[in-house]
Amino acid sequence: MTIRAVVRGVGHYLPERVVPNSEFEATIDTSDEWIRSRSGIERRHFAAEGQTTSDMATRAAQAALAQAGLVPDDIDAIIVATSTADLTFPSAATMVQARLGMTRGFAYDMQAVCAGFVFALANANALILSAQARRVLVIGAETFSRLMDWNDRTTSVLFGDGAGALVLEGQEGMGDSTDRGILSLDLNSDGRHKDILYVDGGVSTGTTGHLRMMGKEVFRHAVEKLADTAHTALEKAGLTGGDVDWIVPHQANIRIIEATAKRMQVPMDRVIVTVQDHGNTSAASIPLALSVGVARGQIKPGDLIVAEAIGGGLAWGSVVLRW
């Protein structure tokens, strides 16, 4: 008998405010055409004044629980992947726990920037396989709009806010690649590349800071590392790119998504793409894309999925799971 962490439910939440590319034209030197051609982004959502990461995470969690047919006290643990928690402490996850009315279990945050959701899935998988938890609510949620330098046209147009959530449950499997659930994971980081993607604030500066990015360098690392980590995770599961039904990539830039799919020799009609509607929502982008893929009728039970992401650190990784 093999225990697998199987997806029981998925859900997402997006703030009401939709910001089209044209909205930036009045304040910075840019255009809808410039943004679309370089990123594929057409619009994104921004959190309302006073709306926090934990607010959005809670809404996504409620949607995932509803789809799973579960209530908060059916959950043993909550992991929130975020770089934009409401406060330095306590964790956004404990705030979600309280808002859900969950009176048992434990909750904590995971910070690996845009790769955070993959790292959080790895943590949840380990909790389930070690019998520390049977059901884990894994959430990616971000309010990156609050980290933007609105005078920087190269970064301010790329990011958006939102949240996505999965409920993982331990279930018995056969121990081979036909099992449902998480089949393999691959995690990596390299702190030597800190300066190509970071926020210039924090406890050391006494400021929130703004996101800073060397776009060309990030692009180069992303295409190479995302394809490599996906291949590694597939090899661990005894699978190949030809077995993949859907790639669900971190939704940062359409050019990165296309180049990574090409290196993996997977056609774009087998890639879930939401970047045009959401922009880069960092740790929220993969669960958002999974939830949208299910809602669209693209992702179906039994489908083999590879999700991969890279973010500041640099930190990157991938997961292979059967839906």
# chains A, B, ... in the order shown; residues from 1 in each chain; ligands from 1
$ residues_around --residues "Phe159 of chain A" --least-positions-apart "6" --cutoff "6 Å" --atoms "only C-alpha atoms" --output "list in words"
Gly279, Asn280 and Thr281 of chain A
$ residues_around --residues "Asp303 of chain A" --least-positions-apart "2" --cutoff "12 Å" --atoms "only C-alpha atoms" --output "list in words"
Val7, Ser177, Thr178, Asp179, Arg180, Gly181, Ile182, Asp243, Val244, Asp245, Trp246, Ile247, Val248, Arg270, Leu290, Gly293, Val294, Gly297, Gln298, Ile299, Lys300, Pro301, Ile305, Val306, Val320, Leu321, Arg322 and Trp323 of chain A
$ residues_around --residues "Ile35 of chain A" --least-positions-apart "6" --cutoff "10 Å" --atoms "only C-alpha atoms" --output "list in words"
Asn21, Ser22, Phe24, Ile41, Glu42, Arg43, Arg153, Thr154, Val157 and Leu158 of chain A
$ residues_around --residues "Asp76 of chain A" --least-positions-apart "4" --cutoff "6 Å" --atoms "only C-alpha atoms" --output "PyMOL selection string"
chain A and resi 105+133+135-136
$ closest_residue --among "A:Leu211, A:Ala309, A:Val271, A:Ala85" --to "Ala57 of chain A" --atoms "only C-alpha atoms"
A:Ala85
$ atom_distance --atom1 "atom CA of Gly160 of chain A" --atom2 "atom CA of Arg44 of chain A"
5.2 Å
$ residues_around --residues "Leu65 of chain A" --least-positions-apart "4" --cutoff "8 Å" --atoms "only C-alpha atoms" --output "VMD selection string"
chain A and resid 9 to 11 61 69 to 72 167
$ write_last_selection --atoms "N, CA and C atoms" --output "CSV table (one decimal), in the first residue's frame"
chain,number,residue,atom,x,y,z
A,9,GLY,N,-10.4,19.0,-3.7
A,9,GLY,CA,-11.1,20.1,-4.2
A,9,GLY,C,-10.2,21.3,-4.6
A,10,VAL,N,-10.7,22.2,-5.4
A,10,VAL,CA,-9.9,23.3,-5.8
A,10,VAL,C,-10.8,24.5,-5.9
A,11,GLY,N,-10.3,25.7,-5.7
A,11,GLY,CA,-11.1,26.9,-5.8
A,11,GLY,C,-10.2,28.1,-5.9
A,61,ALA,N,-10.0,29.4,-0.1
A,61,ALA,CA,-10.2,28.2,0.7
A,61,ALA,C,-11.6,27.7,0.8
A,69,GLY,N,-16.6,19.2,-0.7
A,69,GLY,CA,-17.7,18.7,0.2
A,69,GLY,C,-17.3,18.6,1.6
A,70,LEU,N,-16.4,19.4,2.1
A,70,LEU,CA,-15.8,19.4,3.4
A,70,LEU,C,-16.1,20.7,4.2
A,71,VAL,N,-15.9,20.6,5.5
A,71,VAL,CA,-16.0,21.8,6.3
A,71,VAL,C,-14.7,22.0,7.0
A,72,PRO,N,-14.4,23.2,7.5
A,72,PRO,CA,-13.1,23.6,8.0
A,72,PRO,C,-12.5,22.6,9.0
A,167,VAL,N,-7.4,21.3,-1.7
A,167,VAL,CA,-7.5,20.4,-0.6
A,167,VAL,C,-6.8,19.1,-1.0
$ select_by_dssp --residues "segment 143-284 of chain A" --states "alpha helix (DSSP H)" --output "PDB file with C-alpha atoms, in the first residue's frame"
ATOM      1  CA  GLY A 215      13.992  41.027 -16.704  1.00  0.00           C
ATOM      2  CA  LYS A 216      16.416  39.582 -19.266  1.00  0.00           C
ATOM      3  CA  GLU A 217      18.324  37.638 -16.627  1.00  0.00           C
ATOM      4  CA  VAL A 218      15.132  36.308 -15.056  1.00  0.00           C
ATOM      5  CA  PHE A 219      13.885  35.203 -18.491  1.00  0.00           C
ATOM      6  CA  ARG A 220      17.112  33.330 -19.240  1.00  0.00           C
ATOM      7  CA  HIS A 221      17.121  31.475 -15.933  1.00  0.00           C
ATOM      8  CA  ALA A 222      13.381  30.779 -16.055  1.00  0.00           C
ATOM      9  CA  VAL A 223      13.292  29.009 -19.411  1.00  0.00           C
ATOM     10  CA  GLU A 224      16.283  26.809 -18.630  1.00  0.00           C
ATOM     11  CA  LYS A 225      15.416  25.963 -15.044  1.00  0.00           C
ATOM     12  CA  LEU A 226      11.686  25.409 -15.521  1.00  0.00           C
ATOM     13  CA  ALA A 227      12.174  22.889 -18.324  1.00  0.00           C
ATOM     14  CA  ASP A 228      14.935  21.111 -16.402  1.00  0.00           C
ATOM     15  CA  THR A 229      12.959  20.805 -13.163  1.00  0.00           C
ATOM     16  CA  ALA A 230       9.914  19.514 -15.022  1.00  0.00           C
ATOM     17  CA  HIS A 231      12.017  16.838 -16.754  1.00  0.00           C
ATOM     18  CA  THR A 232      13.586  15.863 -13.426  1.00  0.00           C
ATOM     19  CA  ALA A 233      10.217  15.493 -11.721  1.00  0.00           C
ATOM     20  CA  LEU A 234       8.873  13.415 -14.621  1.00  0.00           C
ATOM     21  CA  GLU A 235      11.923  11.141 -14.496  1.00  0.00           C
ATOM     22  CA  LYS A 236      11.388  10.619 -10.753  1.00  0.00           C
ATOM     23  CA  ILE A 254       3.675  34.181 -22.169  1.00  0.00           C
ATOM     24  CA  ARG A 255       7.109  34.119 -23.784  1.00  0.00           C
ATOM     25  CA  ILE A 256       8.535  32.138 -20.847  1.00  0.00           C
ATOM     26  CA  ILE A 257       5.553  29.779 -20.957  1.00  0.00           C
ATOM     27  CA  GLU A 258       5.949  29.185 -24.706  1.00  0.00           C
ATOM     28  CA  ALA A 259       9.725  28.735 -24.545  1.00  0.00           C
ATOM     29  CA  THR A 260       9.469  26.282 -21.655  1.00  0.00           C
ATOM     30  CA  ALA A 261       6.787  24.230 -23.431  1.00  0.00           C
ATOM     31  CA  LYS A 262       8.973  24.135 -26.540  1.00  0.00           C
ATOM     32  CA  ARG A 263      11.968  22.848 -24.561  1.00  0.00           C
ATOM     33  CA  MET A 264       9.719  20.196 -23.051  1.00  0.00           C
ATOM     34  CA  VAL A 275      -1.579  35.107 -17.710  1.00  0.00           C
ATOM     35  CA  GLN A 276      -3.628  37.255 -20.108  1.00  0.00           C
ATOM     36  CA  ASP A 277      -6.369  37.670 -17.494  1.00  0.00           C
ATOM     37  CA  HIS A 278      -4.467  37.634 -14.197  1.00  0.00           C
TER      38      HIS A 278
END
$ select_by_dssp --residues "segment 5-196 of chain A" --states "strand (DSSP E or B)" --output "PDB file with N, CA and C atoms, in the first residue's frame"
ATOM      1  N   ALA A   5      -1.003  11.916  -1.762  1.00  0.00           N
ATOM      2  CA  ALA A   5      -1.723  13.155  -1.467  1.00  0.00           C
ATOM      3  C   ALA A   5      -2.552  13.516  -2.693  1.00  0.00           C
ATOM      4  N   VAL A   6      -3.855  13.291  -2.586  1.00  0.00           N
ATOM      5  CA  VAL A   6      -4.778  13.407  -3.724  1.00  0.00           C
ATOM      6  C   VAL A   6      -5.588  14.703  -3.607  1.00  0.00           C
ATOM      7  N   VAL A   7      -5.818  15.366  -4.736  1.00  0.00           N
ATOM      8  CA  VAL A   7      -6.622  16.589  -4.751  1.00  0.00           C
ATOM      9  C   VAL A   7      -8.087  16.235  -4.560  1.00  0.00           C
ATOM     10  N   ARG A   8      -8.694  16.782  -3.480  1.00  0.00           N
ATOM     11  CA  ARG A   8     -10.123  16.589  -3.232  1.00  0.00           C
ATOM     12  C   ARG A   8     -10.952  17.754  -3.761  1.00  0.00           C
ATOM     13  N   GLY A   9     -10.383  18.965  -3.743  1.00  0.00           N
ATOM     14  CA  GLY A   9     -11.132  20.136  -4.189  1.00  0.00           C
ATOM     15  C   GLY A   9     -10.197  21.252  -4.563  1.00  0.00           C
ATOM     16  N   VAL A  10     -10.688  22.165  -5.378  1.00  0.00           N
ATOM     17  CA  VAL A  10      -9.899  23.303  -5.828  1.00  0.00           C
ATOM     18  C   VAL A  10     -10.807  24.516  -5.931  1.00  0.00           C
ATOM     19  N   GLY A  11     -10.256  25.690  -5.693  1.00  0.00           N
ATOM     20  CA  GLY A  11     -11.059  26.917  -5.799  1.00  0.00           C
ATOM     21  C   GLY A  11     -10.154  28.126  -5.902  1.00  0.00           C
ATOM     22  N   HIS A  12     -10.734  29.253  -6.283  1.00  0.00           N
ATOM     23  CA  HIS A  12      -9.933  30.468  -6.379  1.00  0.00           C
ATOM     24  C   HIS A  12     -10.789  31.691  -6.091  1.00  0.00           C
ATOM     25  N   TYR A  13     -10.095  32.809  -5.903  1.00  0.00           N
ATOM     26  CA  TYR A  13     -10.763  34.093  -5.702  1.00  0.00           C
ATOM     27  C   TYR A  13      -9.937  35.175  -6.375  1.00  0.00           C
ATOM     28  N   ARG A  17     -11.841  44.420  -8.656  1.00  0.00           N
ATOM     29  CA  ARG A  17     -11.295  45.455  -9.537  1.00  0.00           C
ATOM     30  C   ARG A  17     -10.434  44.842 -10.631  1.00  0.00           C
ATOM     31  N   VAL A  18     -10.847  45.033 -11.883  1.00  0.00           N
ATOM     32  CA  VAL A  18     -10.088  44.575 -13.050  1.00  0.00           C
ATOM     33  C   VAL A  18      -9.359  45.780 -13.649  1.00  0.00           C
ATOM     34  N   VAL A  19      -8.055  45.626 -13.866  1.00  0.00           N
ATOM     35  CA  VAL A  19      -7.226  46.726 -14.366  1.00  0.00           C
ATOM     36  C   VAL A  19      -6.712  46.365 -15.754  1.00  0.00           C
ATOM     37  N   PRO A  20      -7.302  46.953 -16.806  1.00  0.00           N
ATOM     38  CA  PRO A  20      -6.803  46.688 -18.161  1.00  0.00           C
ATOM     39  C   PRO A  20      -5.487  47.407 -18.408  1.00  0.00           C
ATOM     40  N   ARG A  43      -4.908  42.135 -18.825  1.00  0.00           N
ATOM     41  CA  ARG A  43      -5.577  42.714 -17.661  1.00  0.00           C
ATOM     42  C   ARG A  43      -5.097  41.970 -16.428  1.00  0.00           C
ATOM     43  N   ARG A  44      -5.384  42.525 -15.273  1.00  0.00           N
ATOM     44  CA  ARG A  44      -5.085  41.874 -14.016  1.00  0.00           C
ATOM     45  C   ARG A  44      -6.069  42.388 -12.966  1.00  0.00           C
ATOM     46  N   HIS A  45      -6.126  41.781 -11.803  1.00  0.00           N
ATOM     47  CA  HIS A  45      -7.012  42.195 -10.716  1.00  0.00           C
ATOM     48  C   HIS A  45      -6.180  42.808  -9.601  1.00  0.00           C
ATOM     49  N   PHE A  46      -6.689  43.899  -9.012  1.00  0.00           N
ATOM     50  CA  PHE A  46      -6.036  44.526  -7.866  1.00  0.00           C
ATOM     51  C   PHE A  46      -6.965  44.464  -6.664  1.00  0.00           C
ATOM     52  N   ALA A  77      -4.449  20.759   8.589  1.00  0.00           N
ATOM     53  CA  ALA A  77      -3.401  21.781   8.489  1.00  0.00           C
ATOM     54  C   ALA A  77      -3.692  22.722   7.328  1.00  0.00           C
ATOM     55  N   ILE A  78      -3.233  23.948   7.485  1.00  0.00           N
ATOM     56  CA  ILE A  78      -3.316  24.961   6.420  1.00  0.00           C
ATOM     57  C   ILE A  78      -1.903  25.477   6.149  1.00  0.00           C
ATOM     58  N   ILE A  79      -1.525  25.491   4.876  1.00  0.00           N
ATOM     59  CA  ILE A  79      -0.268  26.110   4.465  1.00  0.00           C
ATOM     60  C   ILE A  79      -0.610  27.201   3.460  1.00  0.00           C
ATOM     61  N   VAL A  80      -0.184  28.432   3.745  1.00  0.00           N
ATOM     62  CA  VAL A  80      -0.387  29.541   2.816  1.00  0.00           C
ATOM     63  C   VAL A  80       0.959  29.928   2.217  1.00  0.00           C
ATOM     64  N   ALA A  81       1.084  29.799   0.903  1.00  0.00           N
ATOM     65  CA  ALA A  81       2.265  30.257   0.180  1.00  0.00           C
ATOM     66  C   ALA A  81       2.062  31.724  -0.183  1.00  0.00           C
ATOM     67  N   PHE A 106      -3.299  22.904  12.693  1.00  0.00           N
ATOM     68  CA  PHE A 106      -2.242  23.915  12.729  1.00  0.00           C
ATOM     69  C   PHE A 106      -2.131  24.598  11.376  1.00  0.00           C
ATOM     70  N   ALA A 107      -1.455  25.760  11.386  1.00  0.00           N
ATOM     71  CA  ALA A 107      -1.381  26.573  10.168  1.00  0.00           C
ATOM     72  C   ALA A 107      -0.074  27.341  10.151  1.00  0.00           C
ATOM     73  N   TYR A 108       0.513  27.482   8.954  1.00  0.00           N
ATOM     74  CA  TYR A 108       1.741  28.263   8.822  1.00  0.00           C
ATOM     75  C   TYR A 108       1.914  28.734   7.384  1.00  0.00           C
ATOM     76  N   ASP A 109       2.794  29.733   7.217  1.00  0.00           N
ATOM     77  CA  ASP A 109       3.080  30.288   5.892  1.00  0.00           C
ATOM     78  C   ASP A 109       4.331  29.656   5.294  1.00  0.00           C
ATOM     79  N   MET A 110       4.417  29.706   3.961  1.00  0.00           N
ATOM     80  CA  MET A 110       5.573  29.238   3.203  1.00  0.00           C
ATOM     81  C   MET A 110       5.993  30.365   2.268  1.00  0.00           C
ATOM     82  N   ARG A 135      -5.653  15.597   5.878  1.00  0.00           N
ATOM     83  CA  ARG A 135      -6.124  16.580   4.895  1.00  0.00           C
ATOM     84  C   ARG A 135      -5.424  17.911   5.132  1.00  0.00           C
ATOM     85  N   VAL A 136      -4.884  18.481   4.066  1.00  0.00           N
ATOM     86  CA  VAL A 136      -4.162  19.752   4.155  1.00  0.00           C
ATOM     87  C   VAL A 136      -4.746  20.718   3.129  1.00  0.00           C
ATOM     88  N   LEU A 137      -5.048  21.914   3.585  1.00  0.00           N
ATOM     89  CA  LEU A 137      -5.502  22.991   2.718  1.00  0.00           C
ATOM     90  C   LEU A 137      -4.270  23.791   2.298  1.00  0.00           C
ATOM     91  N   VAL A 138      -3.959  23.784   1.004  1.00  0.00           N
ATOM     92  CA  VAL A 138      -2.776  24.460   0.479  1.00  0.00           C
ATOM     93  C   VAL A 138      -3.241  25.651  -0.353  1.00  0.00           C
ATOM     94  N   ILE A 139      -2.797  26.841   0.024  1.00  0.00           N
ATOM     95  CA  ILE A 139      -3.293  28.075  -0.578  1.00  0.00           C
ATOM     96  C   ILE A 139      -2.118  28.904  -1.093  1.00  0.00           C
ATOM     97  N   GLY A 140      -2.276  29.485  -2.262  1.00  0.00           N
ATOM     98  CA  GLY A 140      -1.357  30.514  -2.756  1.00  0.00           C
ATOM     99  C   GLY A 140      -2.127  31.815  -2.837  1.00  0.00           C
ATOM    100  N   ALA A 141      -1.630  32.863  -2.197  1.00  0.00           N
ATOM    101  CA  ALA A 141      -2.357  34.138  -2.177  1.00  0.00           C
ATOM    102  C   ALA A 141      -1.371  35.290  -2.140  1.00  0.00           C
ATOM    103  N   GLU A 142      -1.654  36.331  -2.920  1.00  0.00           N
ATOM    104  CA  GLU A 142      -0.728  37.469  -3.007  1.00  0.00           C
ATOM    105  C   GLU A 142      -1.470  38.778  -3.259  1.00  0.00           C
ATOM    106  N   THR A 143      -0.914  39.854  -2.682  1.00  0.00           N
ATOM    107  CA  THR A 143      -1.308  41.226  -3.043  1.00  0.00           C
ATOM    108  C   THR A 143      -0.052  41.953  -3.523  1.00  0.00           C
ATOM    109  N   PHE A 159       2.171  42.526 -12.675  1.00  0.00           N
ATOM    110  CA  PHE A 159       1.698  41.767 -11.519  1.00  0.00           C
ATOM    111  C   PHE A 159       0.238  42.043 -11.186  1.00  0.00           C
ATOM    112  N   ASP A 161      -3.179  40.558  -8.278  1.00  0.00           N
ATOM    113  CA  ASP A 161      -3.527  39.995  -6.980  1.00  0.00           C
ATOM    114  C   ASP A 161      -4.545  38.870  -7.147  1.00  0.00           C
ATOM    115  N   GLY A 162      -4.549  37.937  -6.203  1.00  0.00           N
ATOM    116  CA  GLY A 162      -5.528  36.862  -6.245  1.00  0.00           C
ATOM    117  C   GLY A 162      -5.117  35.723  -5.342  1.00  0.00           C
ATOM    118  N   ALA A 163      -5.925  34.669  -5.346  1.00  0.00           N
ATOM    119  CA  ALA A 163      -5.658  33.508  -4.499  1.00  0.00           C
ATOM    120  C   ALA A 163      -6.254  32.257  -5.125  1.00  0.00           C
ATOM    121  N   GLY A 164      -5.580  31.135  -4.896  1.00  0.00           N
ATOM    122  CA  GLY A 164      -6.086  29.833  -5.310  1.00  0.00           C
ATOM    123  C   GLY A 164      -5.801  28.825  -4.215  1.00  0.00           C
ATOM    124  N   ALA A 165      -6.592  27.758  -4.139  1.00  0.00           N
ATOM    125  CA  ALA A 165      -6.448  26.788  -3.058  1.00  0.00           C
ATOM    126  C   ALA A 165      -6.758  25.371  -3.534  1.00  0.00           C
ATOM    127  N   LEU A 166      -6.066  24.412  -2.921  1.00  0.00           N
ATOM    128  CA  LEU A 166      -6.338  22.989  -3.123  1.00  0.00           C
ATOM    129  C   LEU A 166      -6.553  22.329  -1.768  1.00  0.00           C
ATOM    130  N   VAL A 167      -7.423  21.348  -1.727  1.00  0.00           N
ATOM    131  CA  VAL A 167      -7.508  20.449  -0.576  1.00  0.00           C
ATOM    132  C   VAL A 167      -6.843  19.139  -0.976  1.00  0.00           C
ATOM    133  N   LEU A 168      -5.779  18.766  -0.242  1.00  0.00           N
ATOM    134  CA  LEU A 168      -5.104  17.490  -0.456  1.00  0.00           C
ATOM    135  C   LEU A 168      -5.524  16.513   0.640  1.00  0.00           C
ATOM    136  N   GLU A 169      -5.758  15.257   0.240  1.00  0.00           N
ATOM    137  CA  GLU A 169      -6.184  14.223   1.189  1.00  0.00           C
ATOM    138  C   GLU A 169      -5.363  12.967   0.967  1.00  0.00           C
ATOM    139  N   GLY A 170      -4.924  12.338   2.044  1.00  0.00           N
ATOM    140  CA  GLY A 170      -4.214  11.075   1.932  1.00  0.00           C
ATOM    141  C   GLY A 170      -5.146   9.951   1.535  1.00  0.00           C
ATOM    142  N   GLN A 171      -4.799   9.275   0.436  1.00  0.00           N
ATOM    143  CA  GLN A 171      -5.578   8.132  -0.031  1.00  0.00           C
ATOM    144  C   GLN A 171      -4.637   7.013  -0.445  1.00  0.00           C
ATOM    145  N   GLU A 172      -5.118   5.790  -0.408  1.00  0.00           N
ATOM    146  CA  GLU A 172      -4.294   4.646  -0.791  1.00  0.00           C
ATOM    147  C   GLU A 172      -4.156   4.562  -2.304  1.00  0.00           C
ATOM    148  N   GLY A 173      -2.939   4.208  -2.747  1.00  0.00           N
ATOM    149  CA  GLY A 173      -2.681   4.004  -4.161  1.00  0.00           C
ATOM    150  C   GLY A 173      -1.933   2.705  -4.384  1.00  0.00           C
ATOM    151  N   GLY A 181      -3.039  11.713  -7.440  1.00  0.00           N
ATOM    152  CA  GLY A 181      -2.310  12.443  -6.417  1.00  0.00           C
ATOM    153  C   GLY A 181      -0.908  12.829  -6.839  1.00  0.00           C
ATOM    154  N   ILE A 182      -0.129  13.321  -5.872  1.00  0.00           N
ATOM    155  CA  ILE A 182       1.242  13.764  -6.137  1.00  0.00           C
ATOM    156  C   ILE A 182       2.130  12.545  -6.358  1.00  0.00           C
ATOM    157  N   LEU A 183       2.771  12.500  -7.526  1.00  0.00           N
ATOM    158  CA  LEU A 183       3.630  11.372  -7.893  1.00  0.00           C
ATOM    159  C   LEU A 183       5.102  11.677  -7.665  1.00  0.00           C
ATOM    160  N   SER A 184       5.500  12.947  -7.828  1.00  0.00           N
ATOM    161  CA  SER A 184       6.894  13.321  -7.602  1.00  0.00           C
ATOM    162  C   SER A 184       7.003  14.835  -7.492  1.00  0.00           C
ATOM    163  N   LEU A 185       8.126  15.266  -6.903  1.00  0.00           N
ATOM    164  CA  LEU A 185       8.417  16.688  -6.731  1.00  0.00           C
ATOM    165  C   LEU A 185       9.893  16.928  -6.963  1.00  0.00           C
ATOM    166  N   ASP A 186      10.222  18.156  -7.349  1.00  0.00           N
ATOM    167  CA  ASP A 186      11.623  18.557  -7.486  1.00  0.00           C
ATOM    168  C   ASP A 186      11.739  19.999  -7.017  1.00  0.00           C
ATOM    169  N   LEU A 187      12.573  20.253  -6.018  1.00  0.00           N
ATOM    170  CA  LEU A 187      12.752  21.592  -5.450  1.00  0.00           C
ATOM    171  C   LEU A 187      14.205  22.018  -5.563  1.00  0.00           C
ATOM    172  N   ASN A 188      14.414  23.335  -5.835  1.00  0.00           N
ATOM    173  CA  ASN A 188      15.764  23.863  -6.012  1.00  0.00           C
ATOM    174  C   ASN A 188      15.825  25.311  -5.552  1.00  0.00           C
ATOM    175  N   SER A 189      17.022  25.760  -5.210  1.00  0.00           N
ATOM    176  CA  SER A 189      17.258  27.186  -4.993  1.00  0.00           C
ATOM    177  C   SER A 189      18.731  27.487  -5.214  1.00  0.00           C
TER     178      SER A 189
END
$ closest_residue --among "A:Thr58, A:Thr82, A:Asn123, A:Thr240" --to "Leu304 of chain A" --atoms "only C-alpha atoms"
A:Thr240
$ atom_distance --atom1 "atom CA of Gly40 of chain A" --atom2 "atom CA of Thr274 of chain A"
9.6 Å
$ closest_residue --among "A:Lys194, A:Arg99, A:His250, A:Arg38" --to "Ser285 of chain A" --atoms "only C-alpha atoms"
A:His250
$ atom_distance --atom1 "atom CA of Ala115 of chain A" --atom2 "atom CA of Glu308 of chain A"
7.7 Å
$ closest_residue --among "A:Asp176, A:Gly242, A:Gly302, A:Ile196" --to "Pro267 of chain A" --atoms "only C-alpha atoms"
A:Gly242
